[in-house]
Amino acid sequence: MTPIRLLPLALAAALPLAAQADGYKVALDGTFAPHAMPSLSGGVEGFNVDLAAAIGEALGVEMEVVAAQFSGLIPALQAGTYDFLVAPTTVTEERAANLLFSEGFMDTNFAFTVPAGSPAMDGLDAFKDKTIAVNKGSVYESFLNDRADEYGWTVVSYGTNTDAVEAVATGRADANLAGATASAWAAKQNPRIDLSYEYPTGLVWAFPFRKDDIATRDKIDAVLECLKTDGTMAALSEKWFGVTPAEGATIVTPTPGYGTPGFDGYEDTAHEVTCDF
C-alpha cells in the first residue's frame, strides 16, 4: 500500500511542501470522530485518514497527513502550508468565493439516534412531542429550537454530544440529533442505541484547494470519482459508519464536471470516470 505519514502540527509546519510529483501534504482536524481521531498507536485514524491513503494509493504517491485544529486549516492552506485539505469541509457560498472545492465526497446530513429496538422513524413528524437531546451550541440545537413550536418536541441540551447520546441510552431522552456520520459512529459503538431517521440538508462535504490550483483540484476530483465507482468509498462507509450507502448518495455517485455544482469554481467540463492515473 502507498505509504501515509502522520505528522504532528509543530513538525509539519517546519517542513516544506512535498513536491506534487512525489506526493501531497494534506491536513485535517484530528479530533473529529469518526473522520479523524487519536489512535492507540499515537497517530490518528478514521474515515478521512483512510480516504487520504486511498487517494495516494490510486495515484501511486505518498500522502503526508497533518492533524491540526480545524480553525487553522484554511488559513494554513491559503498560506501554502498544505497542498489541499482532507478535512470534511461543508461547501458554502462564502467559502467557495475564496477556495476551490472538489466535488462532494459525502452528504452533510443530520441524523437521529434512538433507544435500541425502537420502531422505524420516517420523517420529522415521527419525533413530534418527543424529548430530544442535543449538543449545546451546535447547529443541531438551533435546528431543533427553530422547529420546536411546529413539532412540539422538548429540546434538552448537553455539554457534549457524548452526554446527549448517553441520555438516550439511559432513557432520559427519546432521541438525539447530530451529524449523520457522528450518529452512525455512536450507534456503531453503543449497542444501547440505534441509528434512525436521516434528515437531508442538501449540502456536501468536499476538499478545499487554493483558488489558483485548478490542476490539483481536477486531479483529486477525478480520483474521488474513481473511488466512488470502484467500491472504495462504500467499503470505508461500512468500516467507519456501519452504513451501506444508498444508491444515489453523494459518497458513491460521481458528480459531472469538476467541483461542486452551484458554487463558484465549478467547471462543467464533461469527462469519463477513470481509475487510470
# chains A, B, ... in the order shown; residues from 1 in each chain; ligands from 1
>>> residues_around(residues="Gly23 (chain A)", least_positions_apart="4", cutoff="6 Å", atoms="only C-alpha atoms", output="number ranges by chain")
A: 61-63
>>> residues_around(residues="Phe143 (chain A)", least_positions_apart="6", cutoff="12 Å", atoms="only C-alpha atoms", output="PDB file with N, CA and C atoms, in the first residue's frame")
ATOM      1  N   PHE A 110     -28.101  15.466   8.699  1.00  0.00           N
ATOM      2  CA  PHE A 110     -28.308  15.272  10.136  1.00  0.00           C
ATOM      3  C   PHE A 110     -28.927  13.879  10.326  1.00  0.00           C
ATOM      4  N   ALA A 111     -28.762  13.305  11.519  1.00  0.00           N
ATOM      5  CA  ALA A 111     -29.402  12.014  11.790  1.00  0.00           C
ATOM      6  C   ALA A 111     -29.755  11.893  13.269  1.00  0.00           C
ATOM      7  N   LEU A 124     -39.562  13.959  10.149  1.00  0.00           N
ATOM      8  CA  LEU A 124     -39.563  14.737  11.385  1.00  0.00           C
ATOM      9  C   LEU A 124     -40.861  14.570  12.172  1.00  0.00           C
ATOM     10  N   ILE A 132     -35.756  15.460  22.898  1.00  0.00           N
ATOM     11  CA  ILE A 132     -34.594  15.233  22.046  1.00  0.00           C
ATOM     12  C   ILE A 132     -33.358  15.866  22.675  1.00  0.00           C
ATOM     13  N   VAL A 134     -29.385  17.026  22.646  1.00  0.00           N
ATOM     14  CA  VAL A 134     -28.534  17.608  21.608  1.00  0.00           C
ATOM     15  C   VAL A 134     -27.333  18.285  22.252  1.00  0.00           C
ATOM     16  N   ASN A 135     -26.268  18.441  21.488  1.00  0.00           N
ATOM     17  CA  ASN A 135     -25.070  19.129  21.953  1.00  0.00           C
ATOM     18  C   ASN A 135     -25.344  20.635  22.022  1.00  0.00           C
ATOM     19  N   LYS A 136     -25.130  21.223  23.192  1.00  0.00           N
ATOM     20  CA  LYS A 136     -25.408  22.642  23.400  1.00  0.00           C
ATOM     21  C   LYS A 136     -24.544  23.506  22.483  1.00  0.00           C
ATOM     22  N   GLY A 137     -25.171  24.500  21.842  1.00  0.00           N
ATOM     23  CA  GLY A 137     -24.439  25.429  20.990  1.00  0.00           C
ATOM     24  C   GLY A 137     -24.203  24.942  19.574  1.00  0.00           C
ATOM     25  N   ASP A 149     -41.801  24.814  18.053  1.00  0.00           N
ATOM     26  CA  ASP A 149     -43.230  25.137  18.071  1.00  0.00           C
ATOM     27  C   ASP A 149     -44.000  24.279  17.068  1.00  0.00           C
ATOM     28  N   GLU A 150     -43.389  24.021  15.922  1.00  0.00           N
ATOM     29  CA  GLU A 150     -44.058  23.256  14.877  1.00  0.00           C
ATOM     30  C   GLU A 150     -44.228  21.785  15.255  1.00  0.00           C
ATOM     31  N   TYR A 151     -43.192  21.215  15.879  1.00  0.00           N
ATOM     32  CA  TYR A 151     -43.204  19.768  16.147  1.00  0.00           C
ATOM     33  C   TYR A 151     -43.456  19.427  17.617  1.00  0.00           C
ATOM     34  N   TRP A 153     -41.556  19.232  20.105  1.00  0.00           N
ATOM     35  CA  TRP A 153     -40.554  18.466  20.847  1.00  0.00           C
ATOM     36  C   TRP A 153     -39.897  19.320  21.923  1.00  0.00           C
ATOM     37  N   VAL A 155     -36.452  20.179  23.730  1.00  0.00           N
ATOM     38  CA  VAL A 155     -35.023  20.125  23.444  1.00  0.00           C
ATOM     39  C   VAL A 155     -34.246  20.200  24.753  1.00  0.00           C
ATOM     40  N   LEU A 177     -30.058  14.236  18.188  1.00  0.00           N
ATOM     41  CA  LEU A 177     -29.799  14.706  16.837  1.00  0.00           C
ATOM     42  C   LEU A 177     -28.367  15.204  16.746  1.00  0.00           C
ATOM     43  N   ALA A 178     -27.662  14.737  15.703  1.00  0.00           N
ATOM     44  CA  ALA A 178     -26.277  15.152  15.460  1.00  0.00           C
ATOM     45  C   ALA A 178     -25.991  14.977  13.973  1.00  0.00           C
ATOM     46  N   GLY A 179     -24.760  15.168  13.575  1.00  0.00           N
ATOM     47  CA  GLY A 179     -24.378  14.899  12.203  1.00  0.00           C
ATOM     48  C   GLY A 179     -24.563  13.433  11.882  1.00  0.00           C
ATOM     49  N   TYR A 199     -31.956  13.268   8.112  1.00  0.00           N
ATOM     50  CA  TYR A 199     -32.564  14.465   7.534  1.00  0.00           C
ATOM     51  C   TYR A 199     -31.628  15.061   6.483  1.00  0.00           C
ATOM     52  N   THR A 201     -29.862  17.748   4.225  1.00  0.00           N
ATOM     53  CA  THR A 201     -29.635  19.191   4.273  1.00  0.00           C
ATOM     54  C   THR A 201     -29.427  19.790   2.888  1.00  0.00           C
TER      55      THR A 201
END
>>> residues_around(residues="Thr131 (chain A)", least_positions_apart="6", cutoff="8 Å", atoms="only C-alpha atoms", output="ChimeraX atom specification")
/A:153-156,173-175
>>> select_by_dssp(residues="region 92-130 of chain A", states="strand (DSSP E)", output="list of chain:residue names")
A:Leu99, A:Leu100, A:Phe101, A:Met106, A:Asp107, A:Phe110, A:Ala111, A:Phe112, A:Thr113, A:Val114, A:Pro115
>>> residues_around(residues="region 231-245 of chain A", least_positions_apart="2", cutoff="6 Å", atoms="only C-alpha atoms", output="CSV table (one decimal) with all heavy atoms, in the first residue's frame")
chain,number,residue,atom,x,y,z
A,184,ALA,N,-24.0,7.8,13.2
A,184,ALA,CA,-23.8,6.4,12.8
A,184,ALA,C,-22.6,5.8,13.6
A,184,ALA,O,-22.7,4.6,14.0
A,184,ALA,CB,-23.4,6.4,11.3
A,185,TRP,N,-21.6,6.6,13.9
A,185,TRP,CA,-20.5,6.1,14.7
A,185,TRP,C,-20.9,5.8,16.1
A,185,TRP,O,-20.6,4.8,16.7
A,185,TRP,CB,-19.4,7.2,14.7
A,185,TRP,CG,-18.2,6.9,15.6
A,185,TRP,CD1,-17.9,7.6,16.8
A,185,TRP,CD2,-17.2,6.0,15.4
A,185,TRP,NE1,-16.8,7.1,17.3
A,185,TRP,CE2,-16.3,6.1,16.5
A,185,TRP,CE3,-16.9,5.0,14.5
A,185,TRP,CZ2,-15.2,5.3,16.7
A,185,TRP,CZ3,-15.8,4.2,14.6
A,185,TRP,CH2,-15.0,4.4,15.7
A,227,LEU,N,-12.8,6.4,-6.8
A,227,LEU,CA,-13.1,5.7,-5.5
A,227,LEU,C,-14.6,5.5,-5.2
A,227,LEU,O,-14.9,4.6,-4.5
A,227,LEU,CB,-12.4,6.5,-4.4
A,227,LEU,CG,-10.9,6.7,-4.5
A,227,LEU,CD1,-10.4,7.5,-3.3
A,227,LEU,CD2,-10.2,5.3,-4.6
A,228,LYS,N,-15.4,6.4,-5.8
A,228,LYS,CA,-16.8,6.2,-5.6
A,228,LYS,C,-17.3,5.0,-6.5
A,228,LYS,O,-18.3,4.4,-6.0
A,228,LYS,CB,-17.6,7.5,-6.1
A,228,LYS,CG,-17.4,8.7,-5.2
A,228,LYS,CD,-18.2,9.9,-5.7
A,228,LYS,CE,-18.1,11.1,-4.8
A,228,LYS,NZ,-18.9,12.2,-5.3
A,229,THR,N,-16.7,4.8,-7.6
A,229,THR,CA,-17.2,3.8,-8.5
A,229,THR,C,-16.6,2.4,-8.3
A,229,THR,O,-17.1,1.4,-8.8
A,229,THR,CB,-17.1,4.2,-10.0
A,229,THR,OG1,-15.7,4.5,-10.2
A,229,THR,CG2,-17.9,5.4,-10.3
>>> select_by_dssp(residues="region 110-202 of chain A", states="alpha helix (DSSP H)", output="PyMOL selection string")
chain A and resi 139-146+148-151+161-169+180-189
>>> closest_residue(among="A:Asp194, A:Glu94, A:Glu64, A:Asp212", to="Ala116 (chain A)", atoms="only C-alpha atoms")
A:Asp194
>>> residues_around(residues="Ser118 (chain A)", least_positions_apart="2", cutoff="12 Å", atoms="only C-alpha atoms", output="list in words")
Phe112, Thr113, Val114, Pro115, Ala116, Ala120, Met121, Ala126, Val168, Ala169, Gly171, Asp174, Ala175, Arg192, Ile193, Asp194, Leu195, Ser196 and Tyr197 of chain A
>>> write_last_selection(atoms="C-alpha atoms", output="mmCIF file, in the first residue's frame")
data_model
loop_
_atom_site.group_PDB
_atom_site.id
_atom_site.type_symbol
_atom_site.label_atom_id
_atom_site.label_comp_id
_atom_site.auth_asym_id
_atom_site.auth_seq_id
_atom_site.Cartn_x
_atom_site.Cartn_y
_atom_site.Cartn_z
ATOM 1 C CA PHE A 112 -31.297 10.924 14.874
ATOM 2 C CA THR A 113 -30.346 8.100 17.204
ATOM 3 C CA VAL A 114 -32.983 6.391 19.334
ATOM 4 C CA PRO A 115 -33.038 3.679 22.010
ATOM 5 C CA ALA A 116 -32.160 0.249 20.643
ATOM 6 C CA ALA A 120 -38.544 2.873 12.496
ATOM 7 C CA MET A 121 -38.947 6.646 12.363
ATOM 8 C CA ALA A 126 -42.239 10.868 13.862
ATOM 9 C CA VAL A 168 -30.925 8.442 25.001
ATOM 10 C CA ALA A 169 -29.199 5.225 26.045
ATOM 11 C CA GLY A 171 -33.944 6.626 28.845
ATOM 12 C CA ASP A 174 -36.323 9.821 23.263
ATOM 13 C CA ALA A 175 -33.750 10.719 20.636
ATOM 14 C CA ARG A 192 -27.983 0.599 23.501
ATOM 15 C CA ILE A 193 -28.924 2.952 20.653
ATOM 16 C CA ASP A 194 -29.952 2.595 17.003
ATOM 17 C CA LEU A 195 -29.391 4.873 14.043
ATOM 18 C CA SER A 196 -32.710 6.382 12.978
ATOM 19 C CA TYR A 197 -34.059 8.958 10.520
#
>>> closest_residue(among="A:Ala54, A:Leu224, A:Met106, A:Ala133", to="Ala167 (chain A)", atoms="only C-alpha atoms")
A:Ala133
>>> residues_around(residues="Asp276 (chain A)", least_positions_apart="6", cutoff="9 Å", atoms="only C-alpha atoms", output="list in words")
Ala58, Leu59 and Cys226 of chain A
>>> residues_around(residues="Ala96 (chain A)", least_positions_apart="6", cutoff="8 Å", atoms="only C-alpha atoms", output="PyMOL selection string")
chain A and resi 263-265
>>> closest_atom_pairs(of="region 197-260 of chain A", to="region 267-273 of chain A", cutoff="8 Å", atoms="only C-alpha atoms", output="tab-separated table")
residue	atom	partner	partner_atom	distance
A:Ala222	CA	A:Val273	CA	7.0
A:Glu225	CA	A:Val273	CA	6.2
A:Cys226	CA	A:Val273	CA	6.3
A:Pro254	CA	A:Val273	CA	7.9
A:Pro256	CA	A:Ala270	CA	6.6
A:Gly257	CA	A:Asp268	CA	4.1
A:Tyr258	CA	A:Glu267	CA	5.0
A:Gly259	CA	A:Glu267	CA	6.4
>>> atom_distance(atom1="CA of Asp107 (chain A)", atom2="CA of Pro200 (chain A)")
7.9 Å
